[in-house]
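Participant: I have a structure here, written as structure tokens, and I will follow up with some questions on it.
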Amino acid sequence: MSKLRIIEIANEEAVKVFPEFEVNDPSYIIGVVSNVTDKFFDLYGLTTNYSDSSIREKLSILLRDLRVSLNL
């Protein structure tokens, strides 16, 4: 799985978890994706052999945790 593909998946999931950012402040999505992908790579490394669905699930968890920590 390439780094770019993981970032693409993170962007798709971020829009689902933070729909208000896509409408009101689309630039926030970039920050959210950057934050979550950095954390993902710290936890799982740059070279992962996970499937798309597994990566999507892990990113979704990280995004929901970020949403909770932001009190949104």
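Chain labels run A, B, ... following the order of the structure tokens; each chain numbers its residues from 1, and ligands are numbered from 1 in the order shown.
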Quick one: everything within 12 Å of Ser34 in chain A, counting only C-alpha atoms, minus sequence neighbours fewer than 4 positions away in the same chain. Send it as a PyMOL selection string.
Facilitator: chain A and resi 3-4+6-11+14+27-30+38-41+59+62-63+66
Participant: Check chain A with DSSP on the backbone and list each residue it calls helix (DSSP H, G or I), as a ChimeraX atom specification.
Facilitator: /A:3-17,19-24,26-44,52-69
Participant: Quick one: residues within 8 Å of Val17 in chain A, only C-alpha atoms, excluding same-chain residues fewer than 5 positions away - as a list of chain:residue names?
Facilitator: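 Once the nearby chain positions are removed, what remains is A:Ser60, A:Leu63, A:Arg64, A:Arg67.
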Participant: Please produce an output containing N, CA and C atoms for each residue in the selection, written as a compact mmCIF listing (two decimals), in the first residue's frame.
Facilitator:
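And here's again24.txt as it stands now:
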```
# COMPACT_ATOMS: atom_id res chain seq x y z
N SER A 60 -10.46 5.30 10.42
CA SER A 60 -11.75 5.74 10.95
C SER A 60 -11.71 5.83 12.48
N LEU A 63 -9.71 8.87 13.38
CA LEU A 63 -10.49 10.08 13.12
C LEU A 63 -11.57 10.30 14.18
N ARG A 64 -12.24 9.25 14.57
CA ARG A 64 -13.26 9.39 15.63
C ARG A 64 -12.62 9.80 16.95
N ARG A 67 -11.93 13.44 16.71
CA ARG A 67 -13.17 14.20 16.86
C ARG A 67 -13.55 14.33 18.33
```
Participant: I want to know what sits within 12 Å of Thr48 in chain A, based on only C-alpha atoms, with residues of the same chain fewer than 3 positions away left out; could you give that as a PyMOL selection string?
Facilitator: chain A and resi 1-3+5-6+40-45+51-52+54-55
Participant: Those residues with C-alpha atoms, as a PDB file, in the first residue's frame please?
Facilitator:
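And here is the file that came out, out-v8.pdb:
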```pdb
ATOM      1  CA  MET A   1       0.000   0.000   0.000  1.00  0.00           C
ATOM      2  CA  SER A   2       1.473   3.336  -1.004  1.00  0.00           C
ATOM      3  CA  LYS A   3       1.612   6.388   1.238  1.00  0.00           C
ATOM      4  CA  ARG A   5      -3.223   5.665  -1.247  1.00  0.00           C
ATOM      5  CA  ILE A   6      -3.347   5.798   2.550  1.00  0.00           C
ATOM      6  CA  PHE A  40      -1.174   6.122  11.397  1.00  0.00           C
ATOM      7  CA  PHE A  41       2.393   5.993  10.066  1.00  0.00           C
ATOM      8  CA  ASP A  42       3.780   6.317  13.602  1.00  0.00           C
ATOM      9  CA  LEU A  43       1.649   3.392  14.759  1.00  0.00           C
ATOM     10  CA  TYR A  44       1.790   1.101  11.730  1.00  0.00           C
ATOM     11  CA  GLY A  45       4.810   2.251   9.718  1.00  0.00           C
ATOM     12  CA  SER A  51      -6.011  -4.297   2.918  1.00  0.00           C
ATOM     13  CA  ASP A  52      -7.922  -1.149   1.981  1.00  0.00           C
ATOM     14  CA  SER A  54      -8.375  -2.696   7.229  1.00  0.00           C
ATOM     15  CA  ILE A  55      -6.622   0.643   6.665  1.00  0.00           C
TER      16      ILE A  55
END
```
